[in-house]
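One file, run-v6.cif, is given below (mmCIF, N, CA and C atoms).
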data_protein
#
loop_
_atom_site.label_atom_id
_atom_site.label_comp_id
_atom_site.auth_asym_id
_atom_site.auth_seq_id
_atom_site.Cartn_x
_atom_site.Cartn_y
_atom_site.Cartn_z
N GLN E 92 0.84 -1.19 0.00
CA GLN E 92 0.00 0.00 0.00
C GLN E 92 0.88 1.24 0.00
N VAL E 93 0.52 2.20 -0.85
CA VAL E 93 1.31 3.41 -0.97
C VAL E 93 0.95 4.40 0.13
N LEU E 94 1.94 5.13 0.58
CA LEU E 94 1.74 6.23 1.52
C LEU E 94 2.12 7.52 0.80
N LEU E 95 1.18 8.43 0.70
CA LEU E 95 1.42 9.70 0.03
C LEU E 95 1.40 10.83 1.05
N VAL E 96 2.41 11.68 1.00
CA VAL E 96 2.50 12.79 1.94
C VAL E 96 2.65 14.09 1.15
N GLU E 97 1.64 14.96 1.28
CA GLU E 97 1.66 16.24 0.59
C GLU E 97 2.36 17.30 1.43
N SER E 98 2.95 18.26 0.75
CA SER E 98 3.58 19.40 1.44
C SER E 98 3.60 20.59 0.49
N GLY E 99 3.91 21.75 1.04
CA GLY E 99 4.07 22.95 0.22
C GLY E 99 2.91 23.92 0.28
N GLY E 100 1.84 23.55 0.96
CA GLY E 100 0.71 24.46 1.08
C GLY E 100 1.06 25.65 1.96
N GLY E 101 0.16 26.61 1.99
CA GLY E 101 0.38 27.78 2.82
C GLY E 101 -0.61 28.87 2.48
N SER E 102 -0.33 30.06 3.01
CA SER E 102 -1.19 31.22 2.77
C SER E 102 -0.46 32.20 1.88
N VAL E 103 -1.12 32.61 0.81
CA VAL E 103 -0.54 33.57 -0.12
C VAL E 103 -1.59 34.58 -0.52
N GLN E 104 -1.14 35.69 -1.07
CA GLN E 104 -2.07 36.67 -1.60
C GLN E 104 -2.42 36.31 -3.04
N ALA E 105 -3.54 36.81 -3.49
CA ALA E 105 -3.96 36.58 -4.86
C ALA E 105 -2.86 37.02 -5.82
N GLY E 106 -2.65 36.19 -6.83
CA GLY E 106 -1.59 36.46 -7.79
C GLY E 106 -0.28 35.76 -7.45
N GLY E 107 -0.20 35.21 -6.26
CA GLY E 107 1.01 34.54 -5.82
C GLY E 107 1.13 33.12 -6.36
N SER E 108 2.19 32.46 -5.94
CA SER E 108 2.47 31.11 -6.42
C SER E 108 2.81 30.19 -5.25
N LEU E 109 2.53 28.92 -5.44
CA LEU E 109 2.94 27.87 -4.52
C LEU E 109 3.29 26.64 -5.33
N ARG E 110 4.17 25.81 -4.78
CA ARG E 110 4.48 24.53 -5.40
C ARG E 110 4.22 23.43 -4.38
N LEU E 111 3.28 22.59 -4.71
CA LEU E 111 2.96 21.46 -3.85
C LEU E 111 3.78 20.24 -4.27
N SER E 112 4.14 19.45 -3.28
CA SER E 112 4.85 18.20 -3.52
C SER E 112 4.08 17.06 -2.88
N CYS E 113 4.23 15.89 -3.46
CA CYS E 113 3.59 14.69 -2.93
C CYS E 113 4.62 13.57 -2.99
N ALA E 114 5.15 13.20 -1.83
CA ALA E 114 6.17 12.16 -1.76
C ALA E 114 5.51 10.82 -1.50
N ALA E 115 5.87 9.83 -2.30
CA ALA E 115 5.28 8.50 -2.18
C ALA E 115 6.27 7.52 -1.58
N SER E 116 5.77 6.62 -0.79
CA SER E 116 6.56 5.51 -0.26
C SER E 116 5.67 4.28 -0.19
N GLY E 117 6.29 3.13 -0.09
CA GLY E 117 5.52 1.90 -0.02
C GLY E 117 5.59 1.12 -1.32
N TYR E 118 5.49 1.83 -2.43
CA TYR E 118 5.74 1.21 -3.72
C TYR E 118 6.08 2.29 -4.73
N SER E 119 6.62 1.89 -5.85
CA SER E 119 6.95 2.85 -6.89
C SER E 119 5.68 3.30 -7.59
N ILE E 120 5.57 4.60 -7.81
CA ILE E 120 4.40 5.14 -8.50
C ILE E 120 4.63 5.22 -10.00
N SER E 121 5.77 4.74 -10.46
CA SER E 121 6.15 4.94 -11.86
C SER E 121 5.24 4.24 -12.85
N SER E 122 4.45 3.27 -12.41
CA SER E 122 3.57 2.55 -13.32
C SER E 122 2.12 3.00 -13.20
N ARG E 123 1.88 4.05 -12.45
CA ARG E 123 0.50 4.48 -12.22
C ARG E 123 0.32 5.95 -12.55
N CYS E 124 -0.87 6.29 -13.00
CA CYS E 124 -1.18 7.71 -13.14
C CYS E 124 -1.24 8.32 -11.74
N MET E 125 -1.09 9.63 -11.67
CA MET E 125 -1.16 10.36 -10.41
C MET E 125 -2.01 11.60 -10.62
N ALA E 126 -2.59 12.10 -9.55
CA ALA E 126 -3.48 13.25 -9.70
C ALA E 126 -3.50 14.10 -8.45
N TRP E 127 -3.91 15.34 -8.65
CA TRP E 127 -4.19 16.26 -7.56
C TRP E 127 -5.69 16.55 -7.55
N PHE E 128 -6.25 16.56 -6.36
CA PHE E 128 -7.63 16.93 -6.15
C PHE E 128 -7.67 18.03 -5.09
N ARG E 129 -8.80 18.70 -4.99
CA ARG E 129 -8.94 19.69 -3.93
C ARG E 129 -10.37 19.68 -3.40
N GLN E 130 -10.49 20.12 -2.18
CA GLN E 130 -11.82 20.16 -1.57
C GLN E 130 -11.90 21.39 -0.67
N ALA E 131 -12.85 22.25 -0.99
CA ALA E 131 -13.11 23.42 -0.18
C ALA E 131 -14.24 23.10 0.80
N PRO E 132 -14.33 23.81 1.90
CA PRO E 132 -15.39 23.54 2.88
C PRO E 132 -16.78 23.60 2.24
N GLY E 133 -17.56 22.58 2.49
CA GLY E 133 -18.92 22.54 1.98
C GLY E 133 -19.04 22.15 0.52
N LYS E 134 -17.93 21.81 -0.10
CA LYS E 134 -17.94 21.44 -1.52
C LYS E 134 -17.41 20.02 -1.70
N GLU E 135 -17.74 19.43 -2.83
CA GLU E 135 -17.24 18.10 -3.13
C GLU E 135 -15.78 18.17 -3.58
N ARG E 136 -15.09 17.05 -3.39
CA ARG E 136 -13.72 16.97 -3.87
C ARG E 136 -13.72 17.00 -5.39
N GLU E 137 -12.86 17.81 -5.97
CA GLU E 137 -12.81 17.94 -7.42
C GLU E 137 -11.40 17.69 -7.93
N GLY E 138 -11.34 17.14 -9.13
CA GLY E 138 -10.06 16.91 -9.75
C GLY E 138 -9.44 18.22 -10.23
N VAL E 139 -8.16 18.38 -10.00
CA VAL E 139 -7.44 19.57 -10.42
C VAL E 139 -6.54 19.26 -11.61
N ALA E 140 -5.78 18.19 -11.50
CA ALA E 140 -4.85 17.84 -12.57
C ALA E 140 -4.45 16.38 -12.45
N GLY E 141 -4.13 15.78 -13.58
CA GLY E 141 -3.67 14.40 -13.59
C GLY E 141 -2.51 14.25 -14.56
N VAL E 142 -1.74 13.19 -14.37
CA VAL E 142 -0.60 12.94 -15.24
C VAL E 142 -0.44 11.44 -15.42
N THR E 143 -0.12 11.03 -16.64
CA THR E 143 0.11 9.62 -16.91
C THR E 143 1.40 9.15 -16.24
N ALA E 144 1.59 7.84 -16.21
CA ALA E 144 2.73 7.27 -15.49
C ALA E 144 4.06 7.79 -16.02
N SER E 145 4.15 7.96 -17.33
CA SER E 145 5.40 8.42 -17.93
C SER E 145 5.63 9.90 -17.73
N GLY E 146 4.56 10.62 -17.45
CA GLY E 146 4.66 12.07 -17.30
C GLY E 146 4.49 12.82 -18.61
N ILE E 147 4.30 12.07 -19.70
CA ILE E 147 4.22 12.69 -21.02
C ILE E 147 2.90 13.44 -21.21
N ARG E 148 1.82 12.86 -20.73
CA ARG E 148 0.51 13.49 -20.91
C ARG E 148 -0.01 14.01 -19.58
N THR E 149 -0.48 15.25 -19.62
CA THR E 149 -1.06 15.85 -18.42
C THR E 149 -2.46 16.38 -18.73
N TYR E 150 -3.24 16.50 -17.70
CA TYR E 150 -4.61 16.96 -17.83
C TYR E 150 -4.87 17.93 -16.68
N VAL E 151 -5.50 19.06 -16.99
CA VAL E 151 -5.83 20.02 -15.94
C VAL E 151 -7.28 20.46 -16.10
N ALA E 152 -7.90 20.77 -14.99
CA ALA E 152 -9.27 21.26 -15.01
C ALA E 152 -9.33 22.63 -15.68
N ASP E 153 -10.45 22.92 -16.31
CA ASP E 153 -10.61 24.20 -16.99
C ASP E 153 -10.39 25.38 -16.04
N SER E 154 -10.78 25.19 -14.80
CA SER E 154 -10.69 26.29 -13.83
C SER E 154 -9.26 26.68 -13.50
N VAL E 155 -8.30 25.81 -13.78
CA VAL E 155 -6.90 26.11 -13.46
C VAL E 155 -6.00 26.08 -14.68
N LYS E 156 -6.59 25.86 -15.83
CA LYS E 156 -5.80 25.75 -17.06
C LYS E 156 -5.04 27.06 -17.30
N GLY E 157 -3.77 26.91 -17.65
CA GLY E 157 -2.94 28.08 -17.89
C GLY E 157 -2.29 28.63 -16.63
N ARG E 158 -2.71 28.13 -15.46
CA ARG E 158 -2.16 28.62 -14.20
C ARG E 158 -1.46 27.51 -13.41
N PHE E 159 -1.97 26.30 -13.47
CA PHE E 159 -1.41 25.18 -12.72
C PHE E 159 -0.73 24.21 -13.68
N THR E 160 0.37 23.63 -13.22
CA THR E 160 1.10 22.63 -13.99
C THR E 160 1.42 21.44 -13.10
N ILE E 161 1.05 20.26 -13.58
CA ILE E 161 1.35 19.04 -12.84
C ILE E 161 2.58 18.39 -13.47
N SER E 162 3.42 17.81 -12.63
CA SER E 162 4.59 17.10 -13.13
C SER E 162 4.97 16.02 -12.13
N ARG E 163 5.86 15.16 -12.55
CA ARG E 163 6.29 14.08 -11.67
C ARG E 163 7.75 13.76 -11.92
N ASP E 164 8.40 13.25 -10.88
CA ASP E 164 9.77 12.77 -10.98
C ASP E 164 9.74 11.33 -10.46
N ASN E 165 9.66 10.39 -11.37
CA ASN E 165 9.54 8.99 -10.96
C ASN E 165 10.80 8.50 -10.24
N ALA E 166 11.94 9.06 -10.57
CA ALA E 166 13.17 8.68 -9.88
C ALA E 166 13.10 9.04 -8.40
N LYS E 167 12.38 10.12 -8.10
CA LYS E 167 12.23 10.55 -6.70
C LYS E 167 10.90 10.09 -6.11
N ASN E 168 10.11 9.39 -6.93
CA ASN E 168 8.79 8.92 -6.45
C ASN E 168 7.95 10.08 -5.93
N THR E 169 7.97 11.19 -6.66
CA THR E 169 7.34 12.42 -6.19
C THR E 169 6.50 13.07 -7.29
N LEU E 170 5.38 13.62 -6.88
CA LEU E 170 4.45 14.35 -7.75
C LEU E 170 4.47 15.81 -7.34
N TYR E 171 4.29 16.70 -8.32
CA TYR E 171 4.31 18.13 -8.04
C TYR E 171 3.08 18.82 -8.64
N LEU E 172 2.77 19.98 -8.07
CA LEU E 172 1.75 20.86 -8.65
C LEU E 172 2.25 22.29 -8.50
N GLN E 173 2.62 22.89 -9.61
CA GLN E 173 3.02 24.29 -9.61
C GLN E 173 1.78 25.13 -9.82
N MET E 174 1.53 26.02 -8.89
CA MET E 174 0.33 26.84 -8.94
C MET E 174 0.73 28.31 -9.03
N ASN E 175 0.37 28.94 -10.13
CA ASN E 175 0.68 30.35 -10.35
C ASN E 175 -0.61 31.15 -10.46
N SER E 176 -0.48 32.46 -10.34
CA SER E 176 -1.64 33.36 -10.46
C SER E 176 -2.80 32.87 -9.61
N LEU E 177 -2.52 32.56 -8.39
CA LEU E 177 -3.53 32.01 -7.51
C LEU E 177 -4.67 32.98 -7.25
N LYS E 178 -5.86 32.43 -7.12
CA LYS E 178 -7.07 33.21 -6.87
C LYS E 178 -7.70 32.76 -5.55
N PRO E 179 -8.49 33.62 -4.93
CA PRO E 179 -9.15 33.21 -3.68
C PRO E 179 -9.96 31.92 -3.84
N GLU E 180 -10.56 31.72 -5.00
CA GLU E 180 -11.35 30.51 -5.21
C GLU E 180 -10.51 29.24 -5.32
N ASP E 181 -9.19 29.38 -5.34
CA ASP E 181 -8.31 28.21 -5.31
C ASP E 181 -8.09 27.70 -3.89
N SER E 182 -8.57 28.45 -2.92
CA SER E 182 -8.39 28.05 -1.52
C SER E 182 -9.11 26.73 -1.25
N ALA E 183 -8.38 25.77 -0.72
CA ALA E 183 -8.94 24.44 -0.46
C ALA E 183 -7.86 23.56 0.17
N MET E 184 -8.28 22.39 0.60
CA MET E 184 -7.32 21.35 0.98
C MET E 184 -6.97 20.61 -0.30
N TYR E 185 -5.70 20.46 -0.56
CA TYR E 185 -5.24 19.79 -1.76
C TYR E 185 -4.71 18.40 -1.40
N TYR E 186 -5.16 17.41 -2.18
CA TYR E 186 -4.79 16.02 -1.95
C TYR E 186 -4.16 15.44 -3.22
N CYS E 187 -3.18 14.57 -3.01
CA CYS E 187 -2.68 13.80 -4.14
C CYS E 187 -3.20 12.37 -4.00
N ALA E 188 -3.22 11.68 -5.12
CA ALA E 188 -3.71 10.31 -5.13
C ALA E 188 -3.08 9.55 -6.28
N ALA E 189 -2.97 8.24 -6.14
CA ALA E 189 -2.42 7.38 -7.17
C ALA E 189 -3.53 6.61 -7.85
N GLY E 190 -3.31 6.31 -9.11
CA GLY E 190 -4.27 5.50 -9.83
C GLY E 190 -4.16 4.04 -9.44
N ARG E 191 -5.20 3.29 -9.75
CA ARG E 191 -5.16 1.86 -9.49
C ARG E 191 -4.16 1.19 -10.43
N ALA E 192 -3.84 -0.05 -10.13
CA ALA E 192 -2.94 -0.80 -11.00
C ALA E 192 -3.52 -0.84 -12.41
N GLY E 193 -2.67 -0.64 -13.38
CA GLY E 193 -3.11 -0.67 -14.76
C GLY E 193 -3.50 0.68 -15.32
N THR E 194 -3.35 1.75 -14.54
CA THR E 194 -3.79 3.07 -14.99
C THR E 194 -2.65 3.89 -15.57
N TRP E 195 -1.60 3.23 -16.02
CA TRP E 195 -0.40 3.96 -16.44
C TRP E 195 -0.66 4.97 -17.54
N ALA E 196 -1.64 4.73 -18.41
CA ALA E 196 -1.88 5.65 -19.53
C ALA E 196 -3.11 6.51 -19.32
N SER E 197 -3.64 6.51 -18.12
CA SER E 197 -4.91 7.17 -17.85
C SER E 197 -4.72 8.60 -17.37
N PRO E 198 -5.74 9.44 -17.53
CA PRO E 198 -5.68 10.81 -17.01
C PRO E 198 -5.90 10.89 -15.51
N CYS E 199 -6.21 9.76 -14.88
CA CYS E 199 -6.40 9.71 -13.43
C CYS E 199 -7.62 10.50 -12.98
N THR E 200 -8.75 10.20 -13.56
CA THR E 200 -10.00 10.77 -13.08
C THR E 200 -10.39 10.10 -11.76
N ARG E 201 -11.41 10.64 -11.13
CA ARG E 201 -11.80 10.16 -9.81
C ARG E 201 -12.07 8.66 -9.80
N GLY E 202 -12.67 8.14 -10.85
CA GLY E 202 -13.01 6.73 -10.90
C GLY E 202 -11.81 5.81 -11.09
N GLN E 203 -10.66 6.37 -11.38
CA GLN E 203 -9.46 5.58 -11.61
C GLN E 203 -8.51 5.59 -10.41
N ILE E 204 -8.91 6.26 -9.37
CA ILE E 204 -8.04 6.42 -8.20
C ILE E 204 -8.10 5.20 -7.30
N ASP E 205 -6.95 4.84 -6.78
CA ASP E 205 -6.85 3.83 -5.73
C ASP E 205 -7.24 4.51 -4.43
N ASP E 206 -8.41 4.21 -3.92
CA ASP E 206 -8.92 4.93 -2.76
C ASP E 206 -8.11 4.72 -1.48
N SER E 207 -7.23 3.74 -1.50
CA SER E 207 -6.39 3.54 -0.32
C SER E 207 -5.15 4.43 -0.36
N SER E 208 -5.01 5.24 -1.43
CA SER E 208 -3.79 6.00 -1.62
C SER E 208 -3.88 7.46 -1.17
N TRP E 209 -5.04 7.92 -0.83
CA TRP E 209 -5.19 9.34 -0.53
C TRP E 209 -4.21 9.81 0.56
N GLY E 210 -3.57 10.96 0.30
CA GLY E 210 -2.73 11.58 1.32
C GLY E 210 -3.58 12.33 2.32
N GLN E 211 -2.91 12.97 3.28
CA GLN E 211 -3.64 13.67 4.34
C GLN E 211 -4.02 15.08 3.92
N GLY E 212 -3.44 15.55 2.84
CA GLY E 212 -3.78 16.87 2.32
C GLY E 212 -2.87 17.97 2.82
N THR E 213 -2.84 19.05 2.05
CA THR E 213 -2.11 20.25 2.45
C THR E 213 -2.99 21.45 2.14
N GLN E 214 -3.10 22.37 3.08
CA GLN E 214 -4.03 23.47 2.96
C GLN E 214 -3.43 24.62 2.14
N VAL E 215 -4.22 25.12 1.22
CA VAL E 215 -3.86 26.31 0.44
C VAL E 215 -4.90 27.38 0.71
N THR E 216 -4.45 28.55 1.13
CA THR E 216 -5.35 29.66 1.40
C THR E 216 -4.86 30.88 0.62
N VAL E 217 -5.75 31.42 -0.20
CA VAL E 217 -5.41 32.57 -1.03
C VAL E 217 -6.27 33.74 -0.61
N SER E 218 -5.65 34.81 -0.21
CA SER E 218 -6.39 36.00 0.23
C SER E 218 -6.42 37.05 -0.87
N SER E 219 -7.51 37.80 -0.87
CA SER E 219 -7.67 38.82 -1.92
C SER E 219 -7.04 40.13 -1.52
#

With the file now loaded, output its structure as structure tokens.
Amino acid sequence: QVLLVESGGGSVQAGGSLRLSCAASGYSISSRCMAWFRQAPGKEREGVAGVTASGIRTYVADSVKGRFTISRDNAKNTLYLQMNSLKPEDSAMYYCAAGRAGTWASPCTRGQIDDSSWGQGTQVTVSS
């Protein structure tokens, strides 16, 4: 079973940047898609970005397109989310997750996630 630990969250002003990291242990994530999700109070968890196992293909939600970039370093077993031009509506708890076995070429949508992989989350707060 994989253990995912997110870091890099914090409080920033609108227009600022943060880089989230997700360190994996327990098994190599190199054969699985990976994704970032976020959940604001009173809202459902939503997908933010996903990346295939190789890192070649990435997918981002329309709400963050052009501002957020997902990447991975399989040698370090780590996933990243670079967030630029942050807006107050980006404020949420951010979670990383791994895809189930066999999802190496997938965009890592919610239905493809290994539910035992969820990290504890890292809080992002953007003030106006």

### Task
Could you please determine the separation between atom N of Arg148 (chain E) and atom C of Asp181 (chain E) in Å, to one decimal place?
24.5 Å

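As for CA of Lys156 (chain E) and CA of Leu95 (chain E), they are spaced 24.5 Å apart.
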
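Counting all atoms listed in the file and comparing E:Val151, E:Val96, E:Ala189, E:Ser112, the residue that lies closest to Cys124 (chain E) is E:Ala189.
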
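Ranking E:Ala183, E:Ala126, E:Val215, E:Ala192 by their shortest atom-to-atom distance to Ala140 (chain E), with only N, CA and C atoms included, puts E:Ala126 first.
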
Applied to the shown file, which residues does the PyMOL selection byres ((chain E and resi 205) around 7) return, written as a PDB file with N, CA and C atoms, in the frame of the given file?
ATOM      1  N   ALA E 188      -3.220  11.680  -5.120  1.00  0.00           N
ATOM      2  CA  ALA E 188      -3.710  10.310  -5.130  1.00  0.00           C
ATOM      3  C   ALA E 188      -3.080   9.550  -6.280  1.00  0.00           C
ATOM      4  N   ALA E 189      -2.970   8.240  -6.140  1.00  0.00           N
ATOM      5  CA  ALA E 189      -2.420   7.380  -7.170  1.00  0.00           C
ATOM      6  C   ALA E 189      -3.530   6.610  -7.850  1.00  0.00           C
ATOM      7  N   GLY E 190      -3.310   6.310  -9.110  1.00  0.00           N
ATOM      8  CA  GLY E 190      -4.270   5.500  -9.830  1.00  0.00           C
ATOM      9  C   GLY E 190      -4.160   4.040  -9.440  1.00  0.00           C
ATOM     10  N   ARG E 191      -5.200   3.290  -9.750  1.00  0.00           N
ATOM     11  CA  ARG E 191      -5.160   1.860  -9.490  1.00  0.00           C
ATOM     12  C   ARG E 191      -4.160   1.190 -10.430  1.00  0.00           C
ATOM     13  N   ALA E 192      -3.840  -0.050 -10.130  1.00  0.00           N
ATOM     14  CA  ALA E 192      -2.940  -0.800 -11.000  1.00  0.00           C
ATOM     15  C   ALA E 192      -3.520  -0.840 -12.410  1.00  0.00           C
ATOM     16  N   GLY E 202     -12.670   8.140 -10.850  1.00  0.00           N
ATOM     17  CA  GLY E 202     -13.010   6.730 -10.900  1.00  0.00           C
ATOM     18  C   GLY E 202     -11.810   5.810 -11.090  1.00  0.00           C
ATOM     19  N   GLN E 203     -10.660   6.370 -11.380  1.00  0.00           N
ATOM     20  CA  GLN E 203      -9.460   5.580 -11.610  1.00  0.00           C
ATOM     21  C   GLN E 203      -8.510   5.590 -10.410  1.00  0.00           C
ATOM     22  N   ILE E 204      -8.910   6.260  -9.370  1.00  0.00           N
ATOM     23  CA  ILE E 204      -8.040   6.420  -8.200  1.00  0.00           C
ATOM     24  C   ILE E 204      -8.100   5.200  -7.300  1.00  0.00           C
ATOM     25  N   ASP E 206      -8.410   4.210  -3.920  1.00  0.00           N
ATOM     26  CA  ASP E 206      -8.920   4.930  -2.760  1.00  0.00           C
ATOM     27  C   ASP E 206      -8.110   4.720  -1.480  1.00  0.00           C
ATOM     28  N   SER E 207      -7.230   3.740  -1.500  1.00  0.00           N
ATOM     29  CA  SER E 207      -6.390   3.540  -0.320  1.00  0.00           C
ATOM     30  C   SER E 207      -5.150   4.430  -0.360  1.00  0.00           C
ATOM     31  N   SER E 208      -5.010   5.240  -1.430  1.00  0.00           N
ATOM     32  CA  SER E 208      -3.790   6.000  -1.620  1.00  0.00           C
ATOM     33  C   SER E 208      -3.880   7.460  -1.170  1.00  0.00           C
ATOM     34  N   TRP E 209      -5.040   7.920  -0.830  1.00  0.00           N
ATOM     35  CA  TRP E 209      -5.190   9.340  -0.530  1.00  0.00           C
ATOM     36  C   TRP E 209      -4.210   9.810   0.560  1.00  0.00           C
TER      37      TRP E 209
END

### Message
Env of region 104-109 of chain E: 6 Å cut, atoms = only N, CA and C atoms, seq-sep filter 3 positions within chain, self excluded. Answer as a PyMOL selection string.
### Response
chain E and resi 172-179+217-219

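Pairwise distance (CA of Thr169 (chain E), CA of Glu135 (chain E)) equals 25.4 Å.
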
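When you apply the PyMOL selection byres (((chain E and resi 116 and name CA) around 12) and name CA) to this structure, what comes back is Gln92, Val93, Leu94, Leu95, Val96, Glu97, Cys113, Ala114, Ala115, Gly117, Tyr118, Ser119, Ile120, Ser121, Asn165, Lys167, Asn168, Thr169, Leu170, Ala189, Ser208 and Gly210 of chain E.
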
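With all atoms listed in the file as the atoms that count, the residue of E:Val139, E:Ala144, E:Leu111, E:Met125 with the shortest distance to Tyr171 (chain E) is E:Leu111.
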
Centre, edges in Å (one decimal): axis-aligned box, region 101-115 of chain E, 3 Å padding on all six sides, as AutoDock Vina command-line options:
--center_x 1.2 --center_y 22.3 --center_z -2.4 --size_x 16.2 --size_y 35.5 --size_z 16.8

Could you add all heavy atoms to region 211-218 of chain E and give me the result as a compact mmCIF listing (two decimals), keeping the file's coordinate frame?
# COMPACT_ATOMS: atom_id res chain seq x y z
N GLN E 211 -2.91 12.97 3.28
CA GLN E 211 -3.64 13.67 4.34
C GLN E 211 -4.02 15.08 3.92
O GLN E 211 -4.84 15.72 4.58
CB GLN E 211 -2.80 13.73 5.63
CG GLN E 211 -1.80 14.88 5.71
CD GLN E 211 -0.63 14.74 4.75
OE1 GLN E 211 -0.41 13.67 4.16
NE2 GLN E 211 0.14 15.81 4.59
N GLY E 212 -3.44 15.55 2.84
CA GLY E 212 -3.78 16.87 2.32
C GLY E 212 -2.87 17.97 2.82
O GLY E 212 -2.20 17.85 3.85
N THR E 213 -2.84 19.05 2.05
CA THR E 213 -2.11 20.25 2.45
C THR E 213 -2.99 21.45 2.14
O THR E 213 -3.58 21.53 1.06
CB THR E 213 -0.74 20.34 1.75
OG1 THR E 213 0.00 21.46 2.26
CG2 THR E 213 -0.87 20.48 0.24
N GLN E 214 -3.10 22.37 3.08
CA GLN E 214 -4.03 23.47 2.96
C GLN E 214 -3.43 24.62 2.14
O GLN E 214 -2.28 25.03 2.38
CB GLN E 214 -4.42 24.00 4.35
CG GLN E 214 -5.37 25.18 4.34
CD GLN E 214 -6.74 24.81 3.82
OE1 GLN E 214 -7.29 23.75 4.15
NE2 GLN E 214 -7.34 25.68 3.02
N VAL E 215 -4.22 25.12 1.22
CA VAL E 215 -3.86 26.31 0.44
C VAL E 215 -4.90 27.38 0.71
O VAL E 215 -6.10 27.13 0.54
CB VAL E 215 -3.79 25.99 -1.06
CG1 VAL E 215 -3.62 27.26 -1.88
CG2 VAL E 215 -2.66 25.01 -1.35
N THR E 216 -4.45 28.55 1.13
CA THR E 216 -5.35 29.66 1.40
C THR E 216 -4.86 30.88 0.62
O THR E 216 -3.71 31.29 0.77
CB THR E 216 -5.39 29.99 2.90
OG1 THR E 216 -5.80 28.82 3.63
CG2 THR E 216 -6.39 31.11 3.16
N VAL E 217 -5.75 31.42 -0.20
CA VAL E 217 -5.41 32.57 -1.03
C VAL E 217 -6.27 33.74 -0.61
O VAL E 217 -7.50 33.66 -0.66
CB VAL E 217 -5.61 32.26 -2.52
CG1 VAL E 217 -5.13 33.45 -3.37
CG2 VAL E 217 -4.88 30.99 -2.92
N SER E 218 -5.65 34.81 -0.21
CA SER E 218 -6.39 36.00 0.23
C SER E 218 -6.42 37.05 -0.87
O SER E 218 -5.49 37.16 -1.66
CB SER E 218 -5.75 36.58 1.49
OG SER E 218 -4.40 36.90 1.25
